[in-house]
$ cat model-v3.txt   # compact mmCIF, C-alpha atoms
# COMPACT_ATOMS: atom_id res chain seq x y z
CA GLY A 687 7.97 6.42 -52.15
CA LEU A 688 5.72 3.90 -53.82
CA LEU A 689 4.07 2.73 -50.58
CA ASP A 690 3.39 6.33 -49.51
CA ASP A 691 1.70 6.96 -52.86
CA LEU A 692 -0.53 3.92 -52.23
CA GLY A 693 -1.33 5.05 -48.67
CA ILE A 694 0.46 2.07 -47.11
CA LYS A 695 2.68 2.42 -44.05
CA MET A 696 5.80 0.22 -43.84
CA VAL A 697 7.12 -0.72 -40.39
CA LYS A 698 10.74 -1.86 -40.72
CA GLN A 699 12.40 -4.25 -38.27
CA GLY A 700 15.88 -5.74 -38.08
CA ASP A 701 18.62 -4.25 -40.28
CA LEU A 702 17.44 -0.81 -41.43
CA SER A 703 20.29 -0.12 -43.88
CA ASP A 704 19.59 0.41 -47.59
CA ASN A 705 21.39 -2.81 -48.63
CA ALA A 706 19.45 -5.01 -46.18
CA ILE A 707 17.35 -7.83 -47.64
CA ILE A 708 13.73 -8.29 -46.58
CA VAL A 709 13.33 -11.87 -45.35
CA SER A 710 9.69 -11.72 -44.24
CA GLN A 711 6.64 -9.51 -44.25
CA LYS A 712 3.33 -9.42 -42.39
CA PRO A 713 0.73 -9.64 -43.75
CA GLU A 714 2.06 -12.08 -46.34
CA THR A 715 -0.24 -11.23 -49.25
CA THR A 716 -0.65 -8.03 -51.25
CA ILE A 717 -4.44 -8.13 -50.81
CA GLU A 718 -4.11 -8.21 -47.00
CA ILE A 719 -1.61 -5.32 -47.14
CA PHE A 720 -4.08 -3.23 -49.15
CA GLU A 721 -6.85 -4.09 -46.66
CA LYS A 722 -4.80 -3.23 -43.56
CA ARG A 723 -2.86 -0.33 -45.16
CA VAL A 724 0.25 -1.39 -43.22
CA VAL A 725 3.05 -3.91 -43.78
CA GLU A 726 5.71 -5.02 -41.28
CA THR A 727 9.01 -6.14 -42.80
CA MET A 728 12.00 -7.93 -41.28
CA ALA A 729 15.34 -7.37 -42.98
CA ILE A 730 18.85 -8.70 -42.43
CA SER A 731 22.25 -7.97 -43.89
CA PRO A 732 23.00 -9.96 -47.08
CA ASP A 733 26.10 -11.43 -45.42
CA ARG A 734 23.85 -13.14 -42.81
CA ILE A 735 22.13 -15.29 -45.46
CA LEU A 736 23.40 -18.80 -46.20
CA ARG A 737 23.70 -19.75 -49.85
CA VAL A 738 22.68 -23.37 -50.44
CA GLU A 739 22.34 -25.78 -53.32
CA LEU A 740 19.35 -28.11 -52.96
CA PHE A 741 19.47 -31.56 -54.56
CA GLU A 742 16.18 -31.22 -56.48
CA GLU A 743 16.93 -34.12 -58.86
CA SER A 744 18.30 -36.72 -56.45
CA ALA A 745 16.05 -35.87 -53.47
CA PRO A 746 12.81 -34.27 -54.77
CA MET A 747 10.56 -35.46 -51.89
CA THR A 748 13.07 -34.39 -49.24
CA VAL A 749 13.62 -31.00 -50.91
CA HIS A 750 9.83 -30.54 -50.89
CA TYR A 751 9.78 -31.26 -47.13
CA LEU A 752 12.61 -28.77 -46.48
CA LYS A 753 10.93 -26.05 -48.54
CA GLU A 754 7.66 -26.62 -46.70
CA VAL A 755 9.33 -26.33 -43.27
CA ALA A 756 11.41 -23.28 -44.33
CA GLY A 757 8.46 -21.39 -45.84
CA LEU A 758 9.72 -21.40 -49.42
CA TYR A 759 6.25 -22.26 -50.72
CA ARG A 760 4.76 -19.08 -49.28
CA ASN A 761 6.10 -16.80 -52.03
CA TYR A 762 9.43 -16.31 -50.28
CA LEU A 763 12.74 -16.67 -52.07
CA ILE A 764 14.51 -16.88 -48.73
CA GLY A 765 13.90 -19.81 -46.38
CA LYS A 766 14.01 -19.69 -42.58
CA LEU A 767 15.00 -22.49 -40.22
CA SER A 768 14.89 -22.24 -36.42
CA ILE A 769 17.80 -23.70 -34.46
CA ASP A 770 16.82 -26.59 -32.20
CA VAL A 771 20.23 -27.84 -30.98
CA ALA A 772 23.69 -26.54 -31.86
CA ILE A 773 26.99 -28.26 -31.08
CA ASP A 774 30.47 -27.79 -32.56
CA SER A 775 30.04 -30.54 -35.16
CA LEU A 776 26.48 -29.87 -36.39
CA THR A 777 23.41 -27.67 -36.06
CA LEU A 778 19.92 -29.17 -35.84
CA PHE A 779 16.83 -27.23 -36.89
CA LYS A 780 13.19 -27.70 -35.98
CA GLY A 781 11.28 -29.87 -38.45
CA LYS A 782 7.64 -30.94 -38.39
CA GLY A 783 8.10 -33.28 -35.42
CA LYS A 784 5.65 -36.18 -35.29
CA LYS A 785 3.88 -34.92 -38.43
CA ALA A 786 6.95 -35.53 -40.60
CA ILE A 787 6.88 -38.25 -43.21
CA VAL A 788 10.32 -38.59 -44.76
CA LYS A 789 10.89 -41.71 -46.82
CA PRO A 790 14.49 -42.81 -47.45
CA GLU A 791 15.86 -40.93 -50.46
CA ASN A 792 19.37 -39.99 -51.57
CA THR A 793 20.99 -41.80 -48.64
CA PRO A 794 24.78 -42.03 -48.95
CA ALA A 795 26.56 -45.34 -49.25
CA LYS A 796 27.53 -46.90 -45.92
CA GLY A 797 31.01 -45.69 -44.96
CA ALA A 798 30.99 -42.83 -47.49
CA GLY A 799 31.31 -40.23 -44.73
CA PHE A 800 29.83 -36.75 -44.56
CA GLU A 801 31.53 -33.57 -45.70
CA GLU A 802 31.40 -30.18 -44.03
CA GLY A 803 28.39 -28.11 -45.12
CA VAL A 804 26.17 -31.00 -46.19
CA ILE A 805 22.47 -30.63 -45.33
CA GLY A 806 20.50 -33.70 -44.30
CA ILE A 807 17.15 -34.78 -42.96
CA THR A 808 16.54 -37.80 -40.75
CA ASN A 809 14.32 -40.29 -42.57
CA MET A 810 11.67 -42.68 -41.20
CA ARG A 811 14.28 -45.28 -40.18
CA ARG A 812 14.85 -43.32 -36.94
CA PRO A 813 12.59 -41.85 -34.22
CA HIS A 814 13.70 -38.25 -34.94
CA GLU A 815 12.26 -38.40 -38.46
CA GLY A 816 12.10 -34.98 -40.09
CA ALA A 817 14.97 -33.44 -38.12
CA ILE A 818 16.99 -31.07 -40.33
CA GLY A 819 20.73 -30.62 -39.86
CA ILE A 820 23.87 -29.07 -41.29
CA ARG A 821 27.24 -30.72 -40.70
CA LEU A 822 29.82 -28.14 -39.52
CA ILE A 823 32.82 -30.48 -39.65
CA GLU A 824 33.52 -33.56 -41.73
CA ASP A 825 32.61 -36.91 -40.12
CA PRO A 826 33.28 -40.48 -41.29
CA THR A 827 30.14 -41.97 -39.70
CA PHE A 828 27.50 -39.49 -38.59
CA GLY A 829 25.50 -37.18 -40.85
CA PRO A 830 24.15 -33.65 -40.47
CA THR A 831 21.48 -34.78 -37.98
CA GLY A 832 23.81 -37.11 -36.06
CA GLU A 833 22.40 -40.25 -37.72
CA VAL A 834 24.16 -42.97 -39.73
CA ALA A 835 24.06 -43.05 -43.56
CA GLU A 836 20.95 -45.24 -44.00
CA SER A 837 18.91 -42.88 -41.80
CA THR A 838 20.04 -39.68 -43.52
CA ASN A 839 18.55 -38.14 -46.65
CA LEU A 840 21.04 -35.74 -48.23
CA VAL A 841 19.01 -32.73 -49.35
CA GLY A 842 21.66 -30.13 -50.19
CA ARG A 843 24.85 -28.37 -49.26
CA VAL A 844 25.92 -24.94 -48.09
CA THR A 845 27.86 -23.23 -50.89
CA GLN A 846 28.56 -19.98 -49.03
CA GLY A 847 28.22 -18.68 -45.48
CA LEU A 848 28.80 -21.75 -43.31
CA GLU A 849 30.62 -19.47 -40.84
CA ILE A 850 27.25 -17.76 -40.14
CA ILE A 851 26.08 -20.85 -38.23
CA ARG A 852 29.26 -21.57 -36.26
CA GLY A 853 28.89 -20.56 -32.62
CA ILE A 854 25.20 -19.66 -32.87
CA LYS A 855 23.18 -21.63 -30.31
CA ARG A 856 19.66 -20.27 -30.88
CA GLY A 857 17.58 -18.20 -33.25
CA ASP A 858 16.72 -18.32 -36.92
CA ILE A 859 18.96 -18.94 -39.91
CA TYR A 860 17.99 -17.64 -43.33
CA PHE A 861 19.06 -19.22 -46.60
CA LEU A 862 18.80 -18.66 -50.32
CA ASP A 863 18.63 -21.57 -52.78
CA VAL A 864 21.23 -20.80 -55.43

$ encode --input "model-v3.txt" --output "structure tokens"
Amino acid sequence: GLLDDLGIKMVKQGDLSDNAIIVSQKPETTIEIFEKRVVETMAISPDRILRVELFEESAPMTVHYLKEVAGLYRNYLIGKLSIDVAIDSLTLFKGKGKKAIVKPENTPAKGAGFEEGVIGITNMRRPHEGAIGIRLIEDPTFGPTGEVAESTNLVGRVTQGLEIIRGIKRGDIYFLDV
């Protein structure tokens, strides 16, 4: 193959089937791969990848934060979030912790409720600023991170694959911005 011709060894991890999608590689850059002559890849089945729509226009600062946390600015098309807490109604992912600065943006109207699949980030009005969550069931009061409307920035929604998250209590979730 191409890598063999270049004298580069590929070490595959995860799903080894031909239709698997590579979600990460080490080293990250082509130059480092040429220097080390080896690349490690992690692949998963395409049906294990969430499809999401990010609200770039209505929440540009919050989308930027999410992309930064998920690694989408490191030349990856697929983002990765690590599960922090998972309950039946929502899943929380690790954010930047105390380093997060999330100003209120695209907060829903009070009493608007939250639909299944909506993705939100706790803004600076609450102590858990920067927490990222996905709502697994509709709720009239509490958003994807368990906060009320004024403390929740809506950043996107899951368009396909919400069932991937249900029942998973730990690990990483991969998503593609469609």

$ atom_distance --input "model-v3.txt" --atom1 "CA of Val755 in chain A" --atom2 "CA of Lys780 in chain A"
8.4 Å

$ closest_residue --input "model-v3.txt" --among "A:Glu836, A:Asp690, A:Asp704, A:Glu743" --to "Val725 in chain A" --atoms "all atoms listed in the file"
A:Asp690

$ atom_distance --input "model-v3.txt" --atom1 "CA of Ala745 in chain A" --atom2 "CA of Pro794 in chain A"
11.6 Å

$ closest_residue --input "model-v3.txt" --among "A:Ile707, A:Val788, A:Leu688, A:Met696" --to "Leu763 in chain A" --atoms "only C-alpha atoms"
A:Ile707

$ residues_around --input "model-v3.txt" --residues "Ile773 in chain A" --least-positions-apart "2" --cutoff "12 Å" --atoms "all atoms listed in the file" --output "JSON, numbers by chain"
{"A": [769, 770, 771, 775, 776, 777, 778, 779, 819, 820, 821, 822, 823, 830, 831, 832, 851, 852, 853, 854, 855, 856]}

$ atom_distance --input "model-v3.txt" --atom1 "CA of Ile764 in chain A" --atom2 "CA of Ile859 in chain A"
10.1 Å

$ closest_residue --input "model-v3.txt" --among "A:Asp733, A:Glu714, A:Glu726, A:Glu833" --to "Glu815 in chain A" --atoms "all atoms listed in the file"
A:Glu833

$ residues_around --input "model-v3.txt" --residues "Arg812 in chain A" --least-positions-apart "3" --cutoff "10 Å" --atoms "only C-alpha atoms" --output "PyMOL selection string"
chain A and resi 808-809+815-817+833-834+836-838

$ axis_aligned_box --input "model-v3.txt" --around "range 768-784 of chain A" --padding-each-side "8 Å" --output "JSON"
{"center_x": 18.1, "center_y": -29.2, "center_z": -34.7, "size_x": 40.8, "size_y": 29.9, "size_z": 23.5}

$ residues_around --input "model-v3.txt" --residues "Arg843 in chain A" --least-positions-apart "5" --cutoff "8 Å" --atoms "all atoms listed in the file" --output "mmCIF file with C-alpha atoms, in the coordinates of the input"
data_model
loop_
_atom_site.group_PDB
_atom_site.id
_atom_site.type_symbol
_atom_site.label_atom_id
_atom_site.label_comp_id
_atom_site.auth_asym_id
_atom_site.auth_seq_id
_atom_site.Cartn_x
_atom_site.Cartn_y
_atom_site.Cartn_z
ATOM 1 C CA VAL A 738 22.680 -23.370 -50.440
ATOM 2 C CA GLU A 739 22.340 -25.780 -53.320
ATOM 3 C CA LEU A 740 19.350 -28.110 -52.960
ATOM 4 C CA GLY A 803 28.390 -28.110 -45.120
ATOM 5 C CA VAL A 804 26.170 -31.000 -46.190
ATOM 6 C CA ILE A 805 22.470 -30.630 -45.330
#

$ residues_near_point --input "model-v3.txt" --point "(24.8, -18.0, -48.4)" --cutoff "7 Å" --atoms "all atoms listed in the file" --output "count of residues only"
9

$ closest_residue --input "model-v3.txt" --among "A:Val864, A:Met728, A:Ile719, A:Ala756" --to "Gln699 in chain A" --atoms "all atoms listed in the file"
A:Met728

$ closest_residue --input "model-v3.txt" --among "A:Gly700, A:Gly806, A:Gly765, A:Gly857" --to "Thr793 in chain A" --atoms "only C-alpha atoms"
A:Gly806

$ closest_residue --input "model-v3.txt" --among "A:Gly687, A:Pro732, A:Gly783, A:Pro746" --to "His814 in chain A" --atoms "all atoms listed in the file"
A:Gly783

$ residues_around --input "model-v3.txt" --residues "Glu754 in chain A" --least-positions-apart "4" --cutoff "10 Å" --atoms "all atoms listed in the file" --output "VMD selection string"
chain A and resid 748 to 750 758 to 760 765 781 to 782

$ write_last_selection --input "model-v3.txt" --atoms "C-alpha atoms" --output "PDB file, in the frame of the given file"
ATOM      1  CA  THR A 748      13.070 -34.390 -49.240  1.00  0.00           C
ATOM      2  CA  VAL A 749      13.620 -31.000 -50.910  1.00  0.00           C
ATOM      3  CA  HIS A 750       9.830 -30.540 -50.890  1.00  0.00           C
ATOM      4  CA  LEU A 758       9.720 -21.400 -49.420  1.00  0.00           C
ATOM      5  CA  TYR A 759       6.250 -22.260 -50.720  1.00  0.00           C
ATOM      6  CA  ARG A 760       4.760 -19.080 -49.280  1.00  0.00           C
ATOM      7  CA  GLY A 765      13.900 -19.810 -46.380  1.00  0.00           C
ATOM      8  CA  GLY A 781      11.280 -29.870 -38.450  1.00  0.00           C
ATOM      9  CA  LYS A 782       7.640 -30.940 -38.390  1.00  0.00           C
TER      10      LYS A 782
END

$ residues_around --input "model-v3.txt" --residues "Arg723 in chain A" --least-positions-apart "4" --cutoff "8 Å" --atoms "all atoms listed in the file" --output "list of chain:residue names"
A:Gly693, A:Ile694, A:Lys695, A:Ile719
